[in-house]
Amino acid sequence: MSSIDIEQRINSLTQELNSYNYQYYVLAQSQISDFDFDQKLKELEALEAQYPEYADPNSPTQRVGGDVTSKFETVKHRWPMLSLGNTYNQEDLRDFDQRVRKIIGDQFEYVCELKFDGLSISLTYQNGKLLKAVTRGDGTQGDLVTNNIKTIRSIPIHLKKGHYPDEFEIRGEIFMHKSAFLRLNAEREENEEQTYANPRNFAAGTIKLQDSAEVAKRPLDCFLYFLYCENRNKLFHNHWESLEAVKEWGFHVCEHTQKCETLTDVFSFIDYWDEKRHELSYEIDGIVIKVNDYGAQEELGFTAKNPRWAISYKFKAERVETQVKSISYQVGRTGAVTPVANLKPVSLAGTTVKRASLHNANEIARLGLHEGDTVFVEKGGEIIPKIIAVNEDKRLSNAIPYVYPSYCPECHTELVRQDGEAVHYCPNETGCPPQIVGKMQHFIGRKMMDIEGMGDETVETFYKKGILKNIVDIYGLQDHQDQLQSLERFGQKSIDNMLKGIEKSKEKPFEKLLFALGIRHVGETIAKKLAQHFKTIDAIKDASIEEIAAVQDIGIRIAESIHDYLNNEIHIAQIEQLKSYGLQFKIEEKEVILASNILADQTFLISGVFANYSREQLTALIESHGGKMVSSISAKLSYLVAGDKMGPSKLAKAEKLNIKMINENELVALIDNKTSI
Ligand code: IVH
């Protein structure tokens with residue numbers, strides 16, 4: 001292909017893919033199969049990799065993320081991001097309406113919109129391309145999160161052709177649909193990762209992630225509701241017109257928006273959505289009422305905090321009363337004990353509520369729960385019911401307060417609670433049945449070792465029969481065929497199938513195995529990050545807590561849990577046994593095609609967080625130029641590539657051994673052979 005052809009192909013694929021994204025994510029219409037879409041995306045990715053000079057920073061390939069930000073830049077808002085005043089009843093709203101009428105008279109209309117329960121975002125476009133995305137922050141300045149925002153498919157990176165200003169700012173709300181929230185939260189619960197209380201927190205937590213590839217995996221959506229630009233009044237007379245126009249430019253605008261001539265119409269809109277809000281696929285927590293006309297908006301102006309031309313009406317959370325029948329204490333596979341209130345079934349916001357999590361001992365103490373108490377249960381915007389308080393007027397005489405158990409309800413071992421942690425744990429990892437069974441069930445799971453022919457029930461049966469006591473025993477099953485054959489409902493074919501599945505699982509890559517071990521707080525993503533960073537289980541075991549915490553998105557609490565697990569005698573022995581069965585405790589070295597041999601015979605260790613490159617990119621760069629990565633510091637190390645947040649012990653060791661320390665730019669310079677360090 002000639003260079004003109006390549007450029008044209010890149011441009012046409014970019015346009016085509018942007019258009020499919022718009023049709024699918026904004027208009028909810030699918031015009032191409034997933035397979036064909038992926039083929040086109042792959043073609044574009046390959047062309048961009050081969051001809052980076054034609055790659056557009058706003059290409060649809062950016063939707064999958066990949067850029068890592070060590071710290072978000074703080075950016076000042078051109079127009080402050082104000083919040084809205086709140087009203088909670090008709091009277092408050094009448095007062096607002098009176099204030100408006102006093103200033104602009106009676107000839108005006110409102111636009112009523114849903115109040116999306118997410119986080120607000122400001123998007124700036126220049127010449128039809130997304131230039132920057134900034135969070136609200138303190139209203140005056142926020143975080144620059146453009147890379148993360150580019151992964152949201154309903155936000156256009158390139159606008160469709162249209163008459164938009166050269167530069168404008170558009171604001172809206174980022175949110176997560178309820179179904180995605182429930183699915184992802186359930187996955188997190190299964191992995192014993194921290195769950196989120198509601199879709200808003202999940203969306204907010206996601207936008208703050210440093211790794212945009214991780215953001216891309218969590219489906220977010222965005223409704224736009226506000227346009228700012230120079231001379232806006234010359235382009236449009238009112239807010240409604242601006243919404244109609246931005247829809248044409250390719251933005252996702254909520255369809256449930258209505259012009260209201262009278263306050264009575266506003267009240268009908270509010271009442272309608274108060275009842276119907278649970279049928280929406282996303283959460284709303286009220287209605288926003290805006291004066292439509294731009295001239296009138298200008299006349300009304302702003303107070304220090306809020307516009308005078310708009311207000312929000314907040315829905316009351318739906319609340320019912322019911323009785324607590326009992327509290328169950330569930331023991332998870334990592335030993336975490338979760339109290340759950342069993343309730344007298346009650347209907348609330350479209351579902352029957354029978355149980356509500358009490359989270360931990362602090363929550364039971366906060367509520368001051370007594371046996372037989374009547375409680376208020378709420379579902380605000382929230383999908384998950386929450387016990388808000390006890391109705392003390394209905395407390396039974398002589399009711400006994402609930403006391404958090406000191407001993408495990410399953411194995412009667414004394415529970416422990418670490419300093420600063422809210423959760424109680426049963427420490428009897430090797431003797432507590434739900435922990436043993438749970439750990440094995442987790443190990444064989446689809447996203448972990450994915451052992452075919454072995455399911456949760458098989459594990460439970462084998463445990464009860466004494467055939468399996470821990471994950472190592474799974475690999476010894478082949479030597480107990482007679483025992484297996486004696487089991488009812490377990491034919492030779494099933495046994496062979498299972499043993500084949502077990503054998504095959506030995507090939508699972510290190511990151512899956514690391515996840516499968518079931519280390520507390522180590523989910524799929526953390527496992528992947530650990531594997532990519534340290535490369536071998538021994539390197540992780542030998543790393544200090546600080547060194548582990550220097551890996552992106554891993555905090556001290558997670559680092560401590562990893563460190564403790566891998567340095568525990570029982571786990572050391574188990575890992576050695578698993579190694580002897582041939583499981584993959586290190587990353588398989590891939591064959592690399594060398595770009596040059598400039599770093600031959602030099603060894604490198606990467607530590608810390610980097611502003612411009614991910615660790616994976618730096619590793620690939622070093623290896624593709626013949627350098628060798630090592631996992632620990634020794635006197636023989638040629639270079640320590642040092643970023644921010646490096647562990648202090650590693651730093652001290654490097655200084656003591658007089659190791660050359662270089663930053664990411666110096667590494668690139670070293671490869672470019674521009675300088676000798
Ligand atoms: S308009 C100048 N419209 O509610 C006011 N806000 O406290 C511009 N919100 O920070 C905001 N849905 O995050 C507007 N349809 C909607 C909204 C909405 C949700 C959020 C927004 C804002 C907060 C108001």
# chains A, B, ... in the order shown; residues from 1 in each chain; ligands from 1

$ residues_around --residues "Val437 of chain A" --least-positions-apart "5" --cutoff "10 Å" --atoms "only C-alpha atoms" --output "ChimeraX atom specification"
/A:332-333,432,442-443,456-457,459-464,468-471

$ write_last_selection --atoms "N, CA and C atoms" --output "PDB file, in the first residue's frame"
ATOM      1  N   GLY A 332     -16.658 -16.642  54.659  1.00  0.00           N
ATOM      2  CA  GLY A 332     -16.210 -16.739  53.268  1.00  0.00           C
ATOM      3  C   GLY A 332     -14.926 -17.547  53.144  1.00  0.00           C
ATOM      4  N   ARG A 333     -14.454 -17.705  51.917  1.00  0.00           N
ATOM      5  CA  ARG A 333     -13.279 -18.560  51.718  1.00  0.00           C
ATOM      6  C   ARG A 333     -11.996 -17.980  52.305  1.00  0.00           C
ATOM      7  N   CYS A 432     -11.240 -24.827  58.980  1.00  0.00           N
ATOM      8  CA  CYS A 432     -12.611 -24.296  58.981  1.00  0.00           C
ATOM      9  C   CYS A 432     -13.291 -24.707  57.670  1.00  0.00           C
ATOM     10  N   HIS A 442     -12.869 -21.945  44.700  1.00  0.00           N
ATOM     11  CA  HIS A 442     -12.316 -20.761  44.026  1.00  0.00           C
ATOM     12  C   HIS A 442     -11.177 -21.189  43.081  1.00  0.00           C
ATOM     13  N   PHE A 443     -10.326 -22.060  43.579  1.00  0.00           N
ATOM     14  CA  PHE A 443      -9.158 -22.511  42.814  1.00  0.00           C
ATOM     15  C   PHE A 443      -9.551 -23.118  41.464  1.00  0.00           C
ATOM     16  N   ASP A 456     -18.271 -27.291  41.819  1.00  0.00           N
ATOM     17  CA  ASP A 456     -18.347 -26.964  43.248  1.00  0.00           C
ATOM     18  C   ASP A 456     -18.855 -28.136  44.081  1.00  0.00           C
ATOM     19  N   GLU A 457     -19.863 -28.837  43.513  1.00  0.00           N
ATOM     20  CA  GLU A 457     -20.438 -29.954  44.277  1.00  0.00           C
ATOM     21  C   GLU A 457     -19.446 -31.084  44.447  1.00  0.00           C
ATOM     22  N   VAL A 459     -16.260 -30.839  44.632  1.00  0.00           N
ATOM     23  CA  VAL A 459     -15.303 -30.440  45.662  1.00  0.00           C
ATOM     24  C   VAL A 459     -15.891 -30.684  47.048  1.00  0.00           C
ATOM     25  N   GLU A 460     -17.171 -30.301  47.203  1.00  0.00           N
ATOM     26  CA  GLU A 460     -17.801 -30.456  48.512  1.00  0.00           C
ATOM     27  C   GLU A 460     -17.883 -31.944  48.902  1.00  0.00           C
ATOM     28  N   THR A 461     -18.300 -32.769  47.920  1.00  0.00           N
ATOM     29  CA  THR A 461     -18.402 -34.207  48.203  1.00  0.00           C
ATOM     30  C   THR A 461     -17.033 -34.779  48.554  1.00  0.00           C
ATOM     31  N   PHE A 462     -16.031 -34.454  47.761  1.00  0.00           N
ATOM     32  CA  PHE A 462     -14.685 -34.996  48.001  1.00  0.00           C
ATOM     33  C   PHE A 462     -14.150 -34.550  49.365  1.00  0.00           C
ATOM     34  N   TYR A 463     -14.518 -33.328  49.749  1.00  0.00           N
ATOM     35  CA  TYR A 463     -14.061 -32.837  51.055  1.00  0.00           C
ATOM     36  C   TYR A 463     -14.727 -33.653  52.161  1.00  0.00           C
ATOM     37  N   LYS A 464     -16.055 -33.849  52.001  1.00  0.00           N
ATOM     38  CA  LYS A 464     -16.800 -34.584  53.037  1.00  0.00           C
ATOM     39  C   LYS A 464     -16.299 -36.019  53.158  1.00  0.00           C
ATOM     40  N   LEU A 468     -10.303 -34.821  49.554  1.00  0.00           N
ATOM     41  CA  LEU A 468      -9.610 -33.536  49.330  1.00  0.00           C
ATOM     42  C   LEU A 468      -9.568 -32.748  50.631  1.00  0.00           C
ATOM     43  N   LYS A 469      -8.375 -32.265  50.983  1.00  0.00           N
ATOM     44  CA  LYS A 469      -8.290 -31.407  52.177  1.00  0.00           C
ATOM     45  C   LYS A 469      -7.773 -30.023  51.840  1.00  0.00           C
ATOM     46  N   ASN A 470      -7.082 -29.931  50.717  1.00  0.00           N
ATOM     47  CA  ASN A 470      -6.587 -28.618  50.277  1.00  0.00           C
ATOM     48  C   ASN A 470      -6.296 -28.662  48.779  1.00  0.00           C
ATOM     49  N   ILE A 471      -5.885 -27.524  48.237  1.00  0.00           N
ATOM     50  CA  ILE A 471      -5.723 -27.440  46.779  1.00  0.00           C
ATOM     51  C   ILE A 471      -4.642 -28.383  46.250  1.00  0.00           C
TER      52      ILE A 471
END

$ select_by_dssp --residues "segment 145-316 of chain A" --states "strand (DSSP E or B)" --output "PyMOL selection string"
chain A and resi 158+167-175+211+221-228+238+258-260+284-291+293+302+307+310-314

$ residues_around --residues "Asn362 of chain A" --least-positions-apart "2" --cutoff "12 Å" --atoms "only C-alpha atoms" --output "count of residues only"
19

$ closest_atom_pairs --of "chain A" --to "ligand 1" --cutoff "8 Å" --atoms "only C-alpha atoms and all ligand atoms" --output "JSON lines"
{"residue": "A:Met81", "atom": "CA", "partner": "ligand 1", "partner_atom_place_in_ligand_line": "2 (C)", "distance": 6.5}
{"residue": "A:Leu82", "atom": "CA", "partner": "ligand 1", "partner_atom_place_in_ligand_line": "2 (C)", "distance": 5.0}
{"residue": "A:Ser83", "atom": "CA", "partner": "ligand 1", "partner_atom_place_in_ligand_line": "7 (O)", "distance": 3.6}
{"residue": "A:Leu84", "atom": "CA", "partner": "ligand 1", "partner_atom_place_in_ligand_line": "7 (O)", "distance": 3.9}
{"residue": "A:Gly85", "atom": "CA", "partner": "ligand 1", "partner_atom_place_in_ligand_line": "7 (O)", "distance": 6.6}
{"residue": "A:Asn86", "atom": "CA", "partner": "ligand 1", "partner_atom_place_in_ligand_line": "7 (O)", "distance": 7.5}
{"residue": "A:Cys112", "atom": "CA", "partner": "ligand 1", "partner_atom_place_in_ligand_line": "15 (N)", "distance": 8.0}
{"residue": "A:Glu113", "atom": "CA", "partner": "ligand 1", "partner_atom_place_in_ligand_line": "15 (N)", "distance": 4.9}
{"residue": "A:Leu114", "atom": "CA", "partner": "ligand 1", "partner_atom_place_in_ligand_line": "15 (N)", "distance": 5.2}
{"residue": "A:Lys115", "atom": "CA", "partner": "ligand 1", "partner_atom_place_in_ligand_line": "12 (N)", "distance": 3.4}
{"residue": "A:Phe116", "atom": "CA", "partner": "ligand 1", "partner_atom_place_in_ligand_line": "12 (N)", "distance": 4.1}
{"residue": "A:Asp117", "atom": "CA", "partner": "ligand 1", "partner_atom_place_in_ligand_line": "19 (C)", "distance": 6.0}
{"residue": "A:Gly118", "atom": "CA", "partner": "ligand 1", "partner_atom_place_in_ligand_line": "13 (O)", "distance": 6.7}
{"residue": "A:Leu119", "atom": "CA", "partner": "ligand 1", "partner_atom_place_in_ligand_line": "13 (O)", "distance": 5.3}
{"residue": "A:Ser120", "atom": "CA", "partner": "ligand 1", "partner_atom_place_in_ligand_line": "13 (O)", "distance": 4.0}
{"residue": "A:Ile121", "atom": "CA", "partner": "ligand 1", "partner_atom_place_in_ligand_line": "13 (O)", "distance": 7.5}
{"residue": "A:Arg136", "atom": "CA", "partner": "ligand 1", "partner_atom_place_in_ligand_line": "10 (O)", "distance": 7.5}
{"residue": "A:Arg171", "atom": "CA", "partner": "ligand 1", "partner_atom_place_in_ligand_line": "8 (C)", "distance": 7.6}
{"residue": "A:Gly172", "atom": "CA", "partner": "ligand 1", "partner_atom_place_in_ligand_line": "13 (O)", "distance": 7.0}
{"residue": "A:Glu173", "atom": "CA", "partner": "ligand 1", "partner_atom_place_in_ligand_line": "13 (O)", "distance": 5.8}
{"residue": "A:Leu224", "atom": "CA", "partner": "ligand 1", "partner_atom_place_in_ligand_line": "15 (N)", "distance": 7.8}
{"residue": "A:Tyr225", "atom": "CA", "partner": "ligand 1", "partner_atom_place_in_ligand_line": "3 (N)", "distance": 5.4}
{"residue": "A:Phe226", "atom": "CA", "partner": "ligand 1", "partner_atom_place_in_ligand_line": "1 (S)", "distance": 6.2}
{"residue": "A:Ile284", "atom": "CA", "partner": "ligand 1", "partner_atom_place_in_ligand_line": "12 (N)", "distance": 7.8}
{"residue": "A:Ile287", "atom": "CA", "partner": "ligand 1", "partner_atom_place_in_ligand_line": "15 (N)", "distance": 7.2}
{"residue": "A:Val288", "atom": "CA", "partner": "ligand 1", "partner_atom_place_in_ligand_line": "15 (N)", "distance": 5.5}
{"residue": "A:Lys290", "atom": "CA", "partner": "ligand 1", "partner_atom_place_in_ligand_line": "1 (S)", "distance": 7.9}
{"residue": "A:Asn306", "atom": "CA", "partner": "ligand 1", "partner_atom_place_in_ligand_line": "2 (C)", "distance": 6.6}
{"residue": "A:Pro307", "atom": "CA", "partner": "ligand 1", "partner_atom_place_in_ligand_line": "2 (C)", "distance": 5.7}
{"residue": "A:Ala310", "atom": "CA", "partner": "ligand 1", "partner_atom_place_in_ligand_line": "5 (C)", "distance": 7.0}
{"residue": "A:Ser312", "atom": "CA", "partner": "ligand 1", "partner_atom_place_in_ligand_line": "24 (C)", "distance": 7.0}

$ residues_around --residues "Met454 of chain A" --least-positions-apart "5" --cutoff "12 Å" --atoms "only C-alpha atoms" --output "MDAnalysis selection string"
chainID A and resid 440:446 449 459:462 474 477 490 494:502 505

$ write_last_selection --atoms "N, CA and C atoms" --output "PDB file, in the first residue's frame"
ATOM      1  N   MET A 440     -10.971 -24.223  47.701  1.00  0.00           N
ATOM      2  CA  MET A 440     -10.824 -25.188  46.600  1.00  0.00           C
ATOM      3  C   MET A 440     -11.785 -24.848  45.460  1.00  0.00           C
ATOM      4  N   GLN A 441     -12.997 -24.430  45.823  1.00  0.00           N
ATOM      5  CA  GLN A 441     -13.972 -24.073  44.776  1.00  0.00           C
ATOM      6  C   GLN A 441     -13.481 -22.862  43.984  1.00  0.00           C
ATOM      7  N   HIS A 442     -12.869 -21.945  44.700  1.00  0.00           N
ATOM      8  CA  HIS A 442     -12.316 -20.761  44.026  1.00  0.00           C
ATOM      9  C   HIS A 442     -11.177 -21.189  43.081  1.00  0.00           C
ATOM     10  N   PHE A 443     -10.326 -22.060  43.579  1.00  0.00           N
ATOM     11  CA  PHE A 443      -9.158 -22.511  42.814  1.00  0.00           C
ATOM     12  C   PHE A 443      -9.551 -23.118  41.464  1.00  0.00           C
ATOM     13  N   ILE A 444     -10.606 -23.930  41.476  1.00  0.00           N
ATOM     14  CA  ILE A 444     -10.969 -24.630  40.236  1.00  0.00           C
ATOM     15  C   ILE A 444     -11.838 -23.771  39.308  1.00  0.00           C
ATOM     16  N   GLY A 445     -12.233 -22.573  39.780  1.00  0.00           N
ATOM     17  CA  GLY A 445     -13.197 -21.721  39.052  1.00  0.00           C
ATOM     18  C   GLY A 445     -12.778 -21.376  37.629  1.00  0.00           C
ATOM     19  N   ARG A 446     -13.775 -20.949  36.879  1.00  0.00           N
ATOM     20  CA  ARG A 446     -13.585 -20.697  35.447  1.00  0.00           C
ATOM     21  C   ARG A 446     -12.503 -19.667  35.164  1.00  0.00           C
ATOM     22  N   MET A 449      -8.202 -21.694  37.634  1.00  0.00           N
ATOM     23  CA  MET A 449      -7.558 -22.845  36.987  1.00  0.00           C
ATOM     24  C   MET A 449      -8.490 -23.539  35.986  1.00  0.00           C
ATOM     25  N   VAL A 459     -16.260 -30.839  44.632  1.00  0.00           N
ATOM     26  CA  VAL A 459     -15.303 -30.440  45.662  1.00  0.00           C
ATOM     27  C   VAL A 459     -15.891 -30.684  47.048  1.00  0.00           C
ATOM     28  N   GLU A 460     -17.171 -30.301  47.203  1.00  0.00           N
ATOM     29  CA  GLU A 460     -17.801 -30.456  48.512  1.00  0.00           C
ATOM     30  C   GLU A 460     -17.883 -31.944  48.902  1.00  0.00           C
ATOM     31  N   THR A 461     -18.300 -32.769  47.920  1.00  0.00           N
ATOM     32  CA  THR A 461     -18.402 -34.207  48.203  1.00  0.00           C
ATOM     33  C   THR A 461     -17.033 -34.779  48.554  1.00  0.00           C
ATOM     34  N   PHE A 462     -16.031 -34.454  47.761  1.00  0.00           N
ATOM     35  CA  PHE A 462     -14.685 -34.996  48.001  1.00  0.00           C
ATOM     36  C   PHE A 462     -14.150 -34.550  49.365  1.00  0.00           C
ATOM     37  N   ILE A 474      -5.737 -31.841  45.014  1.00  0.00           N
ATOM     38  CA  ILE A 474      -6.381 -31.953  43.696  1.00  0.00           C
ATOM     39  C   ILE A 474      -5.414 -32.643  42.720  1.00  0.00           C
ATOM     40  N   LEU A 477      -5.052 -36.514  43.067  1.00  0.00           N
ATOM     41  CA  LEU A 477      -6.241 -37.361  42.865  1.00  0.00           C
ATOM     42  C   LEU A 477      -5.967 -38.544  41.943  1.00  0.00           C
ATOM     43  N   PHE A 490     -20.261 -41.655  40.215  1.00  0.00           N
ATOM     44  CA  PHE A 490     -19.003 -41.152  39.689  1.00  0.00           C
ATOM     45  C   PHE A 490     -18.362 -42.225  38.813  1.00  0.00           C
ATOM     46  N   SER A 494     -16.373 -40.000  33.936  1.00  0.00           N
ATOM     47  CA  SER A 494     -16.282 -38.714  34.657  1.00  0.00           C
ATOM     48  C   SER A 494     -14.912 -38.574  35.306  1.00  0.00           C
ATOM     49  N   ILE A 495     -14.424 -39.676  35.858  1.00  0.00           N
ATOM     50  CA  ILE A 495     -13.113 -39.623  36.532  1.00  0.00           C
ATOM     51  C   ILE A 495     -12.033 -39.256  35.506  1.00  0.00           C
ATOM     52  N   ASP A 496     -12.064 -39.951  34.372  1.00  0.00           N
ATOM     53  CA  ASP A 496     -11.044 -39.683  33.335  1.00  0.00           C
ATOM     54  C   ASP A 496     -11.109 -38.230  32.881  1.00  0.00           C
ATOM     55  N   ASN A 497     -12.346 -37.776  32.686  1.00  0.00           N
ATOM     56  CA  ASN A 497     -12.557 -36.403  32.225  1.00  0.00           C
ATOM     57  C   ASN A 497     -11.986 -35.401  33.232  1.00  0.00           C
ATOM     58  N   MET A 498     -12.264 -35.668  34.498  1.00  0.00           N
ATOM     59  CA  MET A 498     -11.793 -34.763  35.551  1.00  0.00           C
ATOM     60  C   MET A 498     -10.258 -34.783  35.624  1.00  0.00           C
ATOM     61  N   LEU A 499      -9.687 -35.982  35.581  1.00  0.00           N
ATOM     62  CA  LEU A 499      -8.219 -36.077  35.684  1.00  0.00           C
ATOM     63  C   LEU A 499      -7.543 -35.380  34.500  1.00  0.00           C
ATOM     64  N   LYS A 500      -8.210 -35.479  33.349  1.00  0.00           N
ATOM     65  CA  LYS A 500      -7.676 -34.779  32.167  1.00  0.00           C
ATOM     66  C   LYS A 500      -7.713 -33.260  32.396  1.00  0.00           C
ATOM     67  N   GLY A 501      -8.840 -32.823  32.968  1.00  0.00           N
ATOM     68  CA  GLY A 501      -8.999 -31.387  33.275  1.00  0.00           C
ATOM     69  C   GLY A 501      -7.933 -30.919  34.257  1.00  0.00           C
ATOM     70  N   ILE A 502      -7.668 -31.749  35.254  1.00  0.00           N
ATOM     71  CA  ILE A 502      -6.666 -31.379  36.271  1.00  0.00           C
ATOM     72  C   ILE A 502      -5.287 -31.273  35.612  1.00  0.00           C
ATOM     73  N   SER A 505      -4.902 -28.179  33.608  1.00  0.00           N
ATOM     74  CA  SER A 505      -4.831 -26.923  34.383  1.00  0.00           C
ATOM     75  C   SER A 505      -3.390 -26.564  34.745  1.00  0.00           C
TER      76      SER A 505
END

$ residues_around --residues "His163 of chain A" --least-positions-apart "4" --cutoff "12 Å" --atoms "only C-alpha atoms" --output "PDB file with N, CA and C atoms, in the first residue's frame"
ATOM      1  N   ASN A 127     -12.314  21.639  17.422  1.00  0.00           N
ATOM      2  CA  ASN A 127     -12.429  21.208  16.028  1.00  0.00           C
ATOM      3  C   ASN A 127     -13.009  19.800  15.912  1.00  0.00           C
ATOM      4  N   GLY A 128     -14.016  19.540  16.712  1.00  0.00           N
ATOM      5  CA  GLY A 128     -14.733  18.275  16.610  1.00  0.00           C
ATOM      6  C   GLY A 128     -14.057  17.097  17.276  1.00  0.00           C
ATOM      7  N   LEU A 159     -16.525  14.047  16.619  1.00  0.00           N
ATOM      8  CA  LEU A 159     -17.943  14.328  16.445  1.00  0.00           C
ATOM      9  C   LEU A 159     -18.365  13.999  15.024  1.00  0.00           C
ATOM     10  N   GLU A 167     -14.662  25.481  19.412  1.00  0.00           N
ATOM     11  CA  GLU A 167     -14.334  24.977  20.750  1.00  0.00           C
ATOM     12  C   GLU A 167     -15.560  25.114  21.644  1.00  0.00           C
ATOM     13  N   PHE A 168     -15.872  24.088  22.382  1.00  0.00           N
ATOM     14  CA  PHE A 168     -16.974  24.185  23.344  1.00  0.00           C
ATOM     15  C   PHE A 168     -16.757  23.191  24.467  1.00  0.00           C
ATOM     16  N   LEU A 235     -25.922  31.124  19.036  1.00  0.00           N
ATOM     17  CA  LEU A 235     -26.171  29.823  18.385  1.00  0.00           C
ATOM     18  C   LEU A 235     -27.553  29.280  18.715  1.00  0.00           C
ATOM     19  N   PHE A 236     -27.932  29.430  19.976  1.00  0.00           N
ATOM     20  CA  PHE A 236     -29.216  28.871  20.424  1.00  0.00           C
ATOM     21  C   PHE A 236     -29.960  29.885  21.284  1.00  0.00           C
ATOM     22  N   SER A 242     -30.269  23.656  22.521  1.00  0.00           N
ATOM     23  CA  SER A 242     -28.877  23.186  22.612  1.00  0.00           C
ATOM     24  C   SER A 242     -28.842  21.664  22.772  1.00  0.00           C
ATOM     25  N   ALA A 245     -29.446  20.057  19.494  1.00  0.00           N
ATOM     26  CA  ALA A 245     -28.279  20.163  18.612  1.00  0.00           C
ATOM     27  C   ALA A 245     -27.185  19.184  19.022  1.00  0.00           C
ATOM     28  N   VAL A 246     -26.900  19.107  20.316  1.00  0.00           N
ATOM     29  CA  VAL A 246     -25.780  18.237  20.726  1.00  0.00           C
ATOM     30  C   VAL A 246     -26.095  16.768  20.430  1.00  0.00           C
ATOM     31  N   LYS A 247     -27.382  16.433  20.439  1.00  0.00           N
ATOM     32  CA  LYS A 247     -27.788  15.077  20.030  1.00  0.00           C
ATOM     33  C   LYS A 247     -27.302  14.835  18.606  1.00  0.00           C
ATOM     34  N   GLU A 248     -27.521  15.845  17.743  1.00  0.00           N
ATOM     35  CA  GLU A 248     -27.114  15.723  16.337  1.00  0.00           C
ATOM     36  C   GLU A 248     -25.596  15.598  16.200  1.00  0.00           C
ATOM     37  N   TRP A 249     -24.876  16.224  17.102  1.00  0.00           N
ATOM     38  CA  TRP A 249     -23.405  16.167  17.015  1.00  0.00           C
ATOM     39  C   TRP A 249     -22.849  14.814  17.471  1.00  0.00           C
ATOM     40  N   GLY A 250     -23.734  13.997  18.055  1.00  0.00           N
ATOM     41  CA  GLY A 250     -23.299  12.645  18.429  1.00  0.00           C
ATOM     42  C   GLY A 250     -23.305  12.370  19.920  1.00  0.00           C
TER      43      GLY A 250
END

$ atom_distance --atom1 "atom CA of Phe96 of chain A" --atom2 "atom CA of Ile311 of chain A"
7.8 Å

$ closest_residue --among "A:Asn21, A:Asn58, A:Ser281, A:Gln39" --to "Phe251 of chain A" --atoms "only C-alpha atoms"
A:Asn21

$ residues_around --residues "segment 521-534 of chain A" --least-positions-apart "2" --cutoff "10 Å" --atoms "only C-alpha atoms" --output "ChimeraX atom specification"
/A:187-194,214,334,447-448,509-519,536-543,548,551-554,557-562,585-587,605-607,615-616,619,629-632

$ residues_around --residues "Ala341 of chain A" --least-positions-apart "5" --cutoff "12 Å" --atoms "only C-alpha atoms" --output "number ranges by chain"
A: 322-330, 353-360, 363-364, 367, 369-375, 377, 385-387, 402

$ select_by_dssp --residues "segment 358-455 of chain A" --states "alpha helix (DSSP H)" --output "JSON, numbers by chain"
{"A": [361, 362, 363, 364, 365, 366, 367, 433, 434, 435, 436, 437, 438, 439, 440, 441, 442, 443, 444]}

$ atom_distance --atom1 "atom CA of Ser596 of chain A" --atom2 "atom CA of Ser59 of chain A"
29.1 Å

$ closest_residue --among "A:Glu53, A:Glu169, A:Asp92, A:Asp644" --to "Ile6 of chain A" --atoms "only C-alpha atoms"
A:Glu53

$ decode --residues "segment 656-662 of chain A" --atoms "N, CA, C and O atoms" --output "PDB file, in the first residue's frame"
ATOM      1  N   LYS A 656      23.198   1.506  48.459  1.00  0.00           N
ATOM      2  CA  LYS A 656      24.296   0.819  49.155  1.00  0.00           C
ATOM      3  C   LYS A 656      25.182   0.082  48.143  1.00  0.00           C
ATOM      4  O   LYS A 656      26.409   0.083  48.242  1.00  0.00           O
ATOM      5  N   LEU A 657      24.529  -0.541  47.161  1.00  0.00           N
ATOM      6  CA  LEU A 657      25.308  -1.334  46.193  1.00  0.00           C
ATOM      7  C   LEU A 657      25.803  -0.472  45.020  1.00  0.00           C
ATOM      8  O   LEU A 657      26.379  -0.986  44.058  1.00  0.00           O
ATOM      9  N   ASN A 658      25.516   0.815  45.129  1.00  0.00           N
ATOM     10  CA  ASN A 658      25.985   1.735  44.084  1.00  0.00           C
ATOM     11  C   ASN A 658      25.450   1.410  42.691  1.00  0.00           C
ATOM     12  O   ASN A 658      26.177   1.443  41.695  1.00  0.00           O
ATOM     13  N   ILE A 659      24.193   1.041  42.645  1.00  0.00           N
ATOM     14  CA  ILE A 659      23.581   0.670  41.367  1.00  0.00           C
ATOM     15  C   ILE A 659      23.229   1.946  40.600  1.00  0.00           C
ATOM     16  O   ILE A 659      22.736   2.911  41.192  1.00  0.00           O
ATOM     17  N   LYS A 660      23.418   1.917  39.302  1.00  0.00           N
ATOM     18  CA  LYS A 660      23.060   3.088  38.487  1.00  0.00           C
ATOM     19  C   LYS A 660      21.533   3.188  38.437  1.00  0.00           C
ATOM     20  O   LYS A 660      20.862   2.216  38.088  1.00  0.00           O
ATOM     21  N   MET A 661      21.033   4.377  38.787  1.00  0.00           N
ATOM     22  CA  MET A 661      19.579   4.547  38.739  1.00  0.00           C
ATOM     23  C   MET A 661      19.230   5.512  37.611  1.00  0.00           C
ATOM     24  O   MET A 661      19.834   6.581  37.509  1.00  0.00           O
ATOM     25  N   ILE A 662      18.282   5.119  36.771  1.00  0.00           N
ATOM     26  CA  ILE A 662      17.892   5.994  35.666  1.00  0.00           C
ATOM     27  C   ILE A 662      16.372   6.142  35.656  1.00  0.00           C
ATOM     28  O   ILE A 662      15.667   5.271  36.166  1.00  0.00           O
TER      29      ILE A 662
END
